[in-house]
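**Q** Here you go, entry_1.cif (mmCIF, C-alpha atoms):
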```
data_data
#
loop_
_atom_site.group_PDB
_atom_site.id
_atom_site.type_symbol
_atom_site.label_atom_id
_atom_site.label_comp_id
_atom_site.auth_asym_id
_atom_site.auth_seq_id
_atom_site.Cartn_x
_atom_site.Cartn_y
_atom_site.Cartn_z
ATOM 1 C CA MET U 135 -24.472 -59.797 14.985
ATOM 2 C CA SER U 136 -21.889 -58.108 12.853
ATOM 3 C CA LYS U 137 -20.727 -54.664 13.805
ATOM 4 C CA LYS U 138 -22.008 -52.007 11.480
ATOM 5 C CA THR U 139 -19.298 -49.917 9.906
ATOM 6 C CA ASN U 140 -19.698 -46.505 8.385
ATOM 7 C CA PRO U 141 -18.578 -46.056 4.806
ATOM 8 C CA PRO U 142 -15.262 -44.258 4.447
ATOM 9 C CA ARG U 143 -15.564 -40.488 4.190
ATOM 10 C CA SER U 144 -14.677 -38.741 1.017
ATOM 11 C CA PRO U 145 -11.293 -37.124 1.635
ATOM 12 C CA GLY U 146 -12.401 -33.731 0.353
ATOM 13 C CA ARG U 147 -10.003 -30.797 -0.092
ATOM 14 C CA PRO U 148 -10.329 -28.428 2.884
ATOM 15 C CA LYS U 149 -6.685 -28.763 4.000
ATOM 16 C CA ALA U 150 -5.407 -28.553 0.429
ATOM 17 C CA ASP U 151 -7.492 -25.446 -0.177
ATOM 18 C CA ALA U 152 -6.230 -23.870 3.054
ATOM 19 C CA ASP U 153 -2.632 -24.637 2.102
ATOM 20 C CA GLN U 154 -3.120 -23.097 -1.328
ATOM 21 C CA ALA U 155 -4.713 -19.977 0.182
ATOM 22 C CA SER U 156 -1.832 -19.672 2.638
ATOM 23 C CA ALA U 157 0.731 -20.030 -0.148
ATOM 24 C CA GLN U 158 -1.046 -17.435 -2.265
ATOM 25 C CA SER U 159 -1.160 -15.001 0.655
ATOM 26 C CA LYS U 160 2.555 -15.476 1.334
ATOM 27 C CA ILE U 161 3.387 -14.908 -2.335
ATOM 28 C CA LEU U 162 1.321 -11.704 -2.391
ATOM 29 C CA MET U 163 2.854 -10.326 0.796
ATOM 30 C CA THR U 164 6.394 -11.077 -0.365
ATOM 31 C CA ALA U 165 5.782 -9.681 -3.844
ATOM 32 C CA SER U 166 4.219 -6.501 -2.446
ATOM 33 C CA ARG U 167 7.194 -5.865 -0.177
ATOM 34 C CA LEU U 168 9.750 -6.452 -2.933
ATOM 35 C CA PHE U 169 7.943 -4.428 -5.588
ATOM 36 C CA MET U 170 7.450 -1.493 -3.215
ATOM 37 C CA GLU U 171 11.070 -1.596 -2.076
ATOM 38 C CA TYR U 172 12.817 -2.151 -5.409
ATOM 39 C CA GLY U 173 10.292 -1.375 -8.147
ATOM 40 C CA TYR U 174 8.987 -3.595 -10.937
ATOM 41 C CA GLU U 175 11.950 -4.504 -13.116
ATOM 42 C CA PRO U 176 14.567 -5.555 -10.505
ATOM 43 C CA VAL U 177 12.211 -8.108 -8.904
ATOM 44 C CA SER U 178 12.008 -11.561 -10.493
ATOM 45 C CA LEU U 179 9.483 -14.343 -9.977
ATOM 46 C CA GLN U 180 12.365 -16.630 -9.028
ATOM 47 C CA GLN U 181 13.387 -14.196 -6.294
ATOM 48 C CA ILE U 182 9.826 -14.143 -4.934
ATOM 49 C CA ALA U 183 9.604 -17.946 -5.104
ATOM 50 C CA SER U 184 12.902 -18.401 -3.253
ATOM 51 C CA LEU U 185 11.880 -16.082 -0.425
ATOM 52 C CA CYS U 186 8.520 -17.843 -0.135
ATOM 53 C CA GLY U 187 10.099 -21.297 -0.128
ATOM 54 C CA VAL U 188 8.105 -22.399 -3.178
ATOM 55 C CA THR U 189 8.894 -23.145 -6.796
ATOM 56 C CA LYS U 190 8.412 -20.721 -9.650
ATOM 57 C CA ALA U 191 5.754 -23.123 -10.954
ATOM 58 C CA SER U 192 3.834 -22.555 -7.715
ATOM 59 C CA ILE U 193 3.620 -18.854 -8.492
ATOM 60 C CA TYR U 194 2.272 -19.633 -11.952
ATOM 61 C CA TYR U 195 -0.347 -21.852 -10.299
ATOM 62 C CA HIS U 196 -1.809 -18.766 -8.635
ATOM 63 C CA PHE U 197 -0.845 -16.000 -11.070
ATOM 64 C CA SER U 198 -0.625 -16.225 -14.840
ATOM 65 C CA SER U 199 2.268 -13.789 -15.199
ATOM 66 C CA LYS U 200 4.500 -11.282 -13.446
ATOM 67 C CA PRO U 201 2.267 -8.368 -14.574
ATOM 68 C CA GLN U 202 -0.775 -10.070 -13.041
ATOM 69 C CA LEU U 203 1.068 -10.775 -9.792
ATOM 70 C CA PHE U 204 2.283 -7.177 -9.708
ATOM 71 C CA THR U 205 -1.242 -5.858 -10.257
ATOM 72 C CA VAL U 206 -2.814 -8.008 -7.541
ATOM 73 C CA ALA U 207 0.044 -7.410 -5.104
ATOM 74 C CA ILE U 208 0.065 -3.634 -5.509
ATOM 75 C CA THR U 209 -3.725 -3.205 -5.467
ATOM 76 C CA SER U 210 -3.937 -5.409 -2.348
ATOM 77 C CA MET U 211 -1.218 -3.376 -0.662
ATOM 78 C CA MET U 212 -2.962 -0.129 -1.607
ATOM 79 C CA ALA U 213 -6.291 -1.440 -0.295
ATOM 80 C CA MET U 214 -4.656 -2.138 3.069
ATOM 81 C CA GLY U 215 -3.056 1.301 2.968
ATOM 82 C CA MET U 216 -6.439 2.884 2.323
ATOM 83 C CA GLN U 217 -7.985 1.017 5.258
ATOM 84 C CA GLN U 218 -5.174 2.036 7.601
ATOM 85 C CA THR U 219 -5.362 5.649 6.435
ATOM 86 C CA ALA U 220 -9.127 5.686 7.017
ATOM 87 C CA LEU U 221 -8.745 4.217 10.516
ATOM 88 C CA ARG U 222 -6.141 6.808 11.487
ATOM 89 C CA MET U 223 -8.041 9.730 9.986
ATOM 90 C CA ASP U 224 -11.289 8.627 11.664
ATOM 91 C CA ALA U 225 -9.607 8.364 15.070
ATOM 92 C CA PRO U 226 -10.083 11.059 17.736
ATOM 93 C CA GLY U 227 -7.645 13.960 17.802
ATOM 94 C CA THR U 228 -6.715 17.077 15.899
ATOM 95 C CA LEU U 229 -6.013 16.988 12.181
ATOM 96 C CA GLN U 230 -2.324 17.439 12.953
ATOM 97 C CA GLU U 231 -2.275 14.479 15.340
ATOM 98 C CA ARG U 232 -4.121 12.237 12.890
ATOM 99 C CA LEU U 233 -1.894 13.215 9.959
ATOM 100 C CA GLU U 234 1.177 12.474 12.079
ATOM 101 C CA LYS U 235 -0.131 8.944 12.654
ATOM 102 C CA VAL U 236 -0.764 8.538 8.927
ATOM 103 C CA ALA U 237 2.739 9.831 8.178
ATOM 104 C CA GLU U 238 4.371 7.501 10.710
ATOM 105 C CA GLY U 239 2.551 4.522 9.252
ATOM 106 C CA ARG U 240 3.526 5.410 5.684
ATOM 107 C CA MET U 241 7.177 6.013 6.558
ATOM 108 C CA GLN U 242 7.788 2.881 8.612
ATOM 109 C CA GLN U 243 9.324 1.253 5.549
ATOM 110 C CA SER U 244 11.193 2.653 2.579
ATOM 111 C CA HIS U 245 9.213 2.593 -0.649
ATOM 112 C CA VAL U 246 10.064 3.550 -4.171
ATOM 113 C CA ASP U 247 8.105 6.465 -5.539
ATOM 114 C CA THR U 248 4.804 5.166 -6.931
ATOM 115 C CA GLU U 249 5.159 7.145 -10.143
ATOM 116 C CA THR U 250 8.667 5.784 -10.728
ATOM 117 C CA MET U 251 7.453 2.254 -10.126
ATOM 118 C CA MET U 252 4.506 2.699 -12.473
ATOM 119 C CA ARG U 253 6.720 4.117 -15.231
ATOM 120 C CA GLU U 254 8.837 0.975 -15.011
ATOM 121 C CA ALA U 255 5.820 -1.319 -15.071
ATOM 122 C CA ASN U 256 3.859 0.613 -17.699
ATOM 123 C CA THR U 257 5.451 -1.248 -20.623
ATOM 124 C CA TYR U 258 4.465 -4.635 -19.192
ATOM 125 C CA LEU U 259 0.925 -3.952 -17.927
ATOM 126 C CA ASP U 260 -2.203 -3.881 -20.052
ATOM 127 C CA ALA U 261 -4.761 -1.069 -19.866
ATOM 128 C CA ASP U 262 -7.028 -2.914 -17.435
ATOM 129 C CA GLN U 263 -4.172 -3.672 -15.034
ATOM 130 C CA LEU U 264 -3.022 -0.055 -15.096
ATOM 131 C CA ALA U 265 -6.583 1.118 -14.424
ATOM 132 C CA GLN U 266 -6.933 -1.247 -11.447
ATOM 133 C CA ILE U 267 -3.777 0.119 -9.830
ATOM 134 C CA ARG U 268 -4.677 3.748 -10.455
ATOM 135 C CA GLU U 269 -8.158 3.195 -9.042
ATOM 136 C CA ALA U 270 -6.727 1.636 -5.879
ATOM 137 C CA GLU U 271 -4.318 4.557 -5.513
ATOM 138 C CA VAL U 272 -7.080 7.128 -5.956
ATOM 139 C CA ARG U 273 -9.057 5.581 -3.086
ATOM 140 C CA ILE U 274 -6.233 6.496 -0.682
ATOM 141 C CA TYR U 275 -6.260 10.091 -1.914
ATOM 142 C CA GLU U 276 -10.042 10.194 -1.565
ATOM 143 C CA VAL U 277 -9.841 9.295 2.138
ATOM 144 C CA LEU U 278 -7.446 12.182 2.771
ATOM 145 C CA ALA U 279 -9.385 14.558 0.517
ATOM 146 C CA THR U 280 -12.635 13.872 2.394
ATOM 147 C CA HIS U 281 -11.056 14.869 5.694
ATOM 148 C CA PHE U 282 -9.312 17.875 4.165
ATOM 149 C CA LYS U 283 -12.671 19.075 2.807
ATOM 150 C CA GLN U 284 -14.205 18.750 6.274
ATOM 151 C CA GLU U 285 -11.387 20.863 7.721
ATOM 152 C CA MET U 286 -11.937 23.464 4.995
ATOM 153 C CA ASP U 287 -15.630 23.596 5.836
ATOM 154 C CA ASN U 288 -14.907 24.191 9.526
ATOM 155 C CA GLY U 289 -12.356 26.877 8.692
ATOM 156 C CA TYR U 290 -9.169 25.173 9.820
ATOM 157 C CA LEU U 291 -7.773 24.668 6.309
ATOM 158 C CA ARG U 292 -7.853 27.373 3.686
ATOM 159 C CA SER U 293 -10.045 26.816 0.662
ATOM 160 C CA ALA U 294 -8.267 24.674 -1.944
ATOM 161 C CA ASN U 295 -8.729 21.590 -4.066
ATOM 162 C CA PRO U 296 -8.858 18.773 -1.471
ATOM 163 C CA MET U 297 -7.562 16.162 -3.919
ATOM 164 C CA LEU U 298 -4.590 18.382 -4.737
ATOM 165 C CA LEU U 299 -3.840 18.650 -1.019
ATOM 166 C CA ALA U 300 -4.072 14.857 -0.724
ATOM 167 C CA HIS U 301 -1.513 14.450 -3.512
ATOM 168 C CA ALA U 302 0.715 17.142 -1.997
ATOM 169 C CA PHE U 303 0.666 15.546 1.450
ATOM 170 C CA THR U 304 1.450 12.094 0.056
ATOM 171 C CA SER U 305 4.305 13.470 -2.054
ATOM 172 C CA LEU U 306 5.757 15.226 0.980
ATOM 173 C CA LEU U 307 5.983 11.917 2.821
ATOM 174 C CA MET U 308 8.161 10.516 0.045
ATOM 175 C CA LEU U 309 10.942 12.801 1.300
ATOM 176 C CA ALA U 310 11.561 10.139 3.937
ATOM 177 C CA ASN U 311 13.010 7.948 1.195
ATOM 178 C CA ARG U 312 15.672 10.512 0.281
ATOM 179 C CA GLU U 313 19.160 9.586 1.365
ATOM 180 C CA GLY U 314 20.041 11.209 4.668
ATOM 181 C CA VAL U 315 16.588 12.618 5.430
ATOM 182 C CA ARG U 316 15.765 10.017 8.070
ATOM 183 C CA ASP U 317 19.127 10.647 9.716
ATOM 184 C CA MET U 318 18.109 14.257 10.370
ATOM 185 C CA HIS U 319 15.710 13.039 13.072
ATOM 186 C CA ALA U 320 16.090 10.650 15.987
ATOM 187 C CA THR U 321 12.838 8.819 15.223
ATOM 188 C CA ILE U 322 10.251 8.416 12.472
ATOM 189 C CA ALA U 323 7.771 10.133 14.793
ATOM 190 C CA ASP U 324 9.985 13.241 14.922
ATOM 191 C CA LEU U 325 10.250 13.294 11.124
ATOM 192 C CA ALA U 326 6.480 12.811 10.796
ATOM 193 C CA ARG U 327 5.833 15.775 13.104
ATOM 194 C CA GLU U 328 8.095 18.078 11.102
ATOM 195 C CA LEU U 329 6.684 17.064 7.711
ATOM 196 C CA VAL U 330 3.097 17.447 8.897
ATOM 197 C CA ALA U 331 3.972 20.849 10.368
ATOM 198 C CA LEU U 332 5.436 21.910 7.010
ATOM 199 C CA PHE U 333 2.309 20.715 5.209
ATOM 200 C CA LEU U 334 -0.088 22.467 7.564
ATOM 201 C CA ASP U 335 1.981 25.663 7.494
ATOM 202 C CA GLY U 336 1.077 25.944 3.823
ATOM 203 C CA ALA U 337 -2.436 24.461 3.988
ATOM 204 C CA ALA U 338 -3.847 25.892 7.218
ATOM 205 C CA HIS U 339 -6.069 28.950 7.116
ATOM 206 C CA LYS U 340 -4.175 32.086 8.049
ATOM 207 C CA ALA U 341 -6.046 34.369 10.431
#
```
So that I can check it, write out the structure of this file as structure tokens.
**A**
Amino acid sequence: MSKKTNPPRSPGRPKADADQASAQSKILMTASRLFMEYGYEPVSLQQIASLCGVTKASIYYHFSSKPQLFTVAITSMMAMGMQQTALRMDAPGTLQERLEKVAEGRMQQSHVDTETMMREANTYLDADQLAQIREAEVRIYEVLATHFKQEMDNGYLRSANPMLLAHAFTSLLMLANREGVRDMHATIADLARELVALFLDGAAHKA
């Protein structure tokens, strides 16, 4: 009696799909870091490809153009920033303690000013891409504004526009990118404490 053999399995594409997803993720992470550190114009697709260990053609496999890669990279980075901000603001502790954690997280790495970066990229992005980035940015402000409104309602913060406070707080953190500012403090935590104290000195309700 002959031994029955099973027909060969179709090779399928699970490993290929996983490899492609991994490559895309690496490209996005590398692009996000470079764009946020140097801005739009100085970063090239060839530079991103070299750091990722892939060819420039591989980037075009996943993203149709530099503007598209920039849009996806920045919105993804902002989405992660929004999630981290929400986690820190939802954690137990005083508003000051929670803002210090947010500040430390934001200042761990040097970033170009968002407005400067967007001015550089504005010429290259279409209206939809610009809207996607602005919407992702607004979500971060909304997390802060929600908590600021709660603190206004309980009397800790003086009455003000919570979104304006969110923008003001975020802008204050950009001081960490100024030359010499970080050297004024032994640690990022020390700098975060002083900047948050400055913010709350202006925003807190005065008895």
**Q** Work out how far apart CA of Ala323 (chain U) and CA of Glu234 (chain U) are and give it in Å to one decimal.
**A** 7.5 Å
**Q** Smallest atom-to-atom distance to Arg222 (chain U): which of U:Met286, U:Met252, U:Leu278, U:Val330, using all atoms listed in the file?
**A**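 Among the listed residues, U:Leu278 lies closest to Arg222 (chain U).
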**Q** Of the candidates U:Ile161, U:Gln218, U:Gly289, U:Met223, which shows the shortest atom-to-atom distance to Ser184 (chain U), using all atoms listed in the file?
**A**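 Smallest separation from Ser184 (chain U) among the options: U:Ile161.
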**Q** I'd like the interatomic distance between CA of Glu238 (chain U) and CA of Thr219 (chain U), to a tenth of an Å.
**A**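 Computing it gives 10.8 Å between the two atoms.
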**Q** Apply the PyMOL selection byres ((chain U and resi 253-259) around 9) to the structure shown and report the selected residues as a PyMOL selection string.
**A** chain U and resi 173-175+200-202+204-205+248-252+260-264
**Q** Can you translate the PyMOL selection byres ((chain U and resi 310) around 9) into the concrete residues it hits in this file, as a PyMOL selection string?
**A** chain U and resi 241+244+306-309+311-316+322+325-326
**Q** Of the candidates U:Tyr194, U:Tyr275, U:Phe333, U:Phe169, which shows the shortest atom-to-atom distance to Ala207 (chain U), using all atoms listed in the file?
**A** U:Phe169
**Q** What would the selection look like, as a PDB file with C-alpha atoms, in the coordinates of the input, if the PyMOL selection byres ((chain U and resi 164) around 12) were run on the coordinates I just shared?
**A**
```
ATOM      1  CA  ALA U 157       0.731 -20.030  -0.148  1.00  0.00           C
ATOM      2  CA  GLN U 158      -1.046 -17.435  -2.265  1.00  0.00           C
ATOM      3  CA  SER U 159      -1.160 -15.001   0.655  1.00  0.00           C
ATOM      4  CA  LYS U 160       2.555 -15.476   1.334  1.00  0.00           C
ATOM      5  CA  ILE U 161       3.387 -14.908  -2.335  1.00  0.00           C
ATOM      6  CA  LEU U 162       1.321 -11.704  -2.391  1.00  0.00           C
ATOM      7  CA  MET U 163       2.854 -10.326   0.796  1.00  0.00           C
ATOM      8  CA  ALA U 165       5.782  -9.681  -3.844  1.00  0.00           C
ATOM      9  CA  SER U 166       4.219  -6.501  -2.446  1.00  0.00           C
ATOM     10  CA  ARG U 167       7.194  -5.865  -0.177  1.00  0.00           C
ATOM     11  CA  LEU U 168       9.750  -6.452  -2.933  1.00  0.00           C
ATOM     12  CA  PHE U 169       7.943  -4.428  -5.588  1.00  0.00           C
ATOM     13  CA  MET U 170       7.450  -1.493  -3.215  1.00  0.00           C
ATOM     14  CA  GLU U 171      11.070  -1.596  -2.076  1.00  0.00           C
ATOM     15  CA  VAL U 177      12.211  -8.108  -8.904  1.00  0.00           C
ATOM     16  CA  SER U 178      12.008 -11.561 -10.493  1.00  0.00           C
ATOM     17  CA  LEU U 179       9.483 -14.343  -9.977  1.00  0.00           C
ATOM     18  CA  GLN U 180      12.365 -16.630  -9.028  1.00  0.00           C
ATOM     19  CA  GLN U 181      13.387 -14.196  -6.294  1.00  0.00           C
ATOM     20  CA  ILE U 182       9.826 -14.143  -4.934  1.00  0.00           C
ATOM     21  CA  ALA U 183       9.604 -17.946  -5.104  1.00  0.00           C
ATOM     22  CA  SER U 184      12.902 -18.401  -3.253  1.00  0.00           C
ATOM     23  CA  LEU U 185      11.880 -16.082  -0.425  1.00  0.00           C
ATOM     24  CA  CYS U 186       8.520 -17.843  -0.135  1.00  0.00           C
ATOM     25  CA  GLY U 187      10.099 -21.297  -0.128  1.00  0.00           C
ATOM     26  CA  VAL U 188       8.105 -22.399  -3.178  1.00  0.00           C
ATOM     27  CA  ILE U 193       3.620 -18.854  -8.492  1.00  0.00           C
ATOM     28  CA  LEU U 203       1.068 -10.775  -9.792  1.00  0.00           C
ATOM     29  CA  PHE U 204       2.283  -7.177  -9.708  1.00  0.00           C
ATOM     30  CA  ALA U 207       0.044  -7.410  -5.104  1.00  0.00           C
ATOM     31  CA  ILE U 208       0.065  -3.634  -5.509  1.00  0.00           C
ATOM     32  CA  SER U 210      -3.937  -5.409  -2.348  1.00  0.00           C
ATOM     33  CA  MET U 211      -1.218  -3.376  -0.662  1.00  0.00           C
TER      34      MET U 211
END
```
**Q** Expressed in Å to a single decimal, how great is the separation between CA of Asp317 (chain U) and CA of Leu329 (chain U)?
**A**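 Separation between CA of Asp317 (chain U) and CA of Leu329 (chain U): 14.1 Å.
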**Q** Which one of U:Val272, U:Ala279, U:Leu233, U:Ile267 sits closest to Leu332 (chain U) if you count all atoms listed in the file?
**A**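 Among the listed residues, U:Leu233 lies closest to Leu332 (chain U).
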**Q** Set the distance at 9 Å and use all atoms listed in the file: which residues neighbour Ile274 (chain U) once local chain neighbours fewer than 4 positions away are removed? I'd like the list as an MDAnalysis selection string.
**A** chainID U and resid 212:213 215:217 219:220 270 278:279 300
**Q** Which is closer to His281 (chain U) than all the others in U:Val246, U:Leu298, U:Leu229, U:Ala191, using all atoms listed in the file?
**A** U:Leu229
**Q** Closest to Lys235 (chain U) among U:Arg268, U:His301, U:Arg327, U:His196, using only C-alpha atoms?
**A**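 Among U:Arg268, U:His301, U:Arg327, U:His196, it is U:Arg327 that comes nearest to Lys235 (chain U).
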**Q** Box along x, y and z, 6 Å on every side, all listed atoms of region 173-190 of chain U inside: centre and edge lengths in Å to one decimal, as lines of an AutoDock Vina configuration file.
**A**
```
center_x = 11.3
center_y = -12.3
center_z = -6.6
size_x = 18.5
size_y = 33.8
size_z = 25.0
```
**Q** What would region 242-305 of chain U look like if you wrote it out as a compact mmCIF listing (two decimals), in the first residue's frame, with C-alpha atoms included, from the block I just posted?
**A**
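To be explicit, this is the file written out as result10.txt:
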```txt
# COMPACT_ATOMS: atom_id res chain seq x y z
CA GLN U 242 14.03 64.16 26.40
CA GLN U 243 15.09 64.88 22.83
CA SER U 244 15.78 68.10 20.97
CA HIS U 245 13.13 68.99 18.42
CA VAL U 246 12.83 71.79 15.94
CA ASP U 247 9.97 74.16 16.57
CA THR U 248 6.82 72.71 14.97
CA GLU U 249 5.89 76.01 13.36
CA THR U 250 9.36 76.37 11.83
CA MET U 251 9.20 72.84 10.50
CA MET U 252 5.74 73.38 9.03
CA ARG U 253 6.81 76.62 7.33
CA GLU U 254 9.59 74.69 5.62
CA ALA U 255 7.28 71.88 4.56
CA ASN U 256 4.33 74.09 3.60
CA THR U 257 5.53 74.57 0.01
CA TYR U 258 5.75 70.82 -0.58
CA LEU U 259 2.58 69.56 1.15
CA ASP U 260 -0.90 69.64 -0.32
CA ALA U 261 -3.92 70.95 1.59
CA ASP U 262 -5.01 67.51 2.79
CA GLN U 263 -1.55 66.66 4.13
CA LEU U 264 -1.34 69.98 5.97
CA ALA U 265 -4.79 69.40 7.46
CA GLN U 266 -3.83 65.91 8.67
CA ILE U 267 -0.78 67.25 10.51
CA ARG U 268 -2.63 70.18 12.05
CA GLU U 269 -5.42 67.88 13.21
CA ALA U 270 -2.92 65.53 14.87
CA GLU U 271 -1.25 68.49 16.58
CA VAL U 272 -4.56 69.86 17.85
CA ARG U 273 -5.34 66.54 19.55
CA ILE U 274 -2.31 67.02 21.82
CA TYR U 275 -3.48 70.51 22.77
CA GLU U 276 -6.97 69.16 23.43
CA VAL U 277 -5.65 66.67 26.00
CA LEU U 278 -3.92 69.47 27.91
CA ALA U 279 -6.86 71.85 27.50
CA THR U 280 -9.29 69.29 28.96
CA HIS U 281 -7.22 68.98 32.12
CA PHE U 282 -6.67 72.72 32.35
CA LYS U 283 -10.44 73.25 32.16
CA GLN U 284 -10.94 70.76 34.99
CA GLU U 285 -8.43 72.67 37.12
CA MET U 286 -10.24 75.93 36.33
CA ASP U 287 -13.53 74.39 37.40
CA ASN U 288 -12.07 73.28 40.74
CA GLY U 289 -10.51 76.69 41.31
CA TYR U 290 -6.84 75.82 41.05
CA LEU U 291 -6.28 77.62 37.73
CA ARG U 292 -7.64 81.07 37.04
CA SER U 293 -10.32 81.39 34.40
CA ALA U 294 -8.80 81.56 30.91
CA ASN U 295 -9.04 79.98 27.49
CA PRO U 296 -7.85 76.39 28.12
CA MET U 297 -6.63 75.94 24.54
CA LEU U 298 -4.56 79.11 24.83
CA LEU U 299 -2.99 77.73 28.01
CA ALA U 300 -2.25 74.47 26.19
CA HIS U 301 -0.44 76.37 23.44
CA ALA U 302 1.40 78.52 25.99
CA PHE U 303 2.58 75.51 27.98
CA THR U 304 3.78 73.69 24.87
CA SER U 305 5.62 76.79 23.63
```
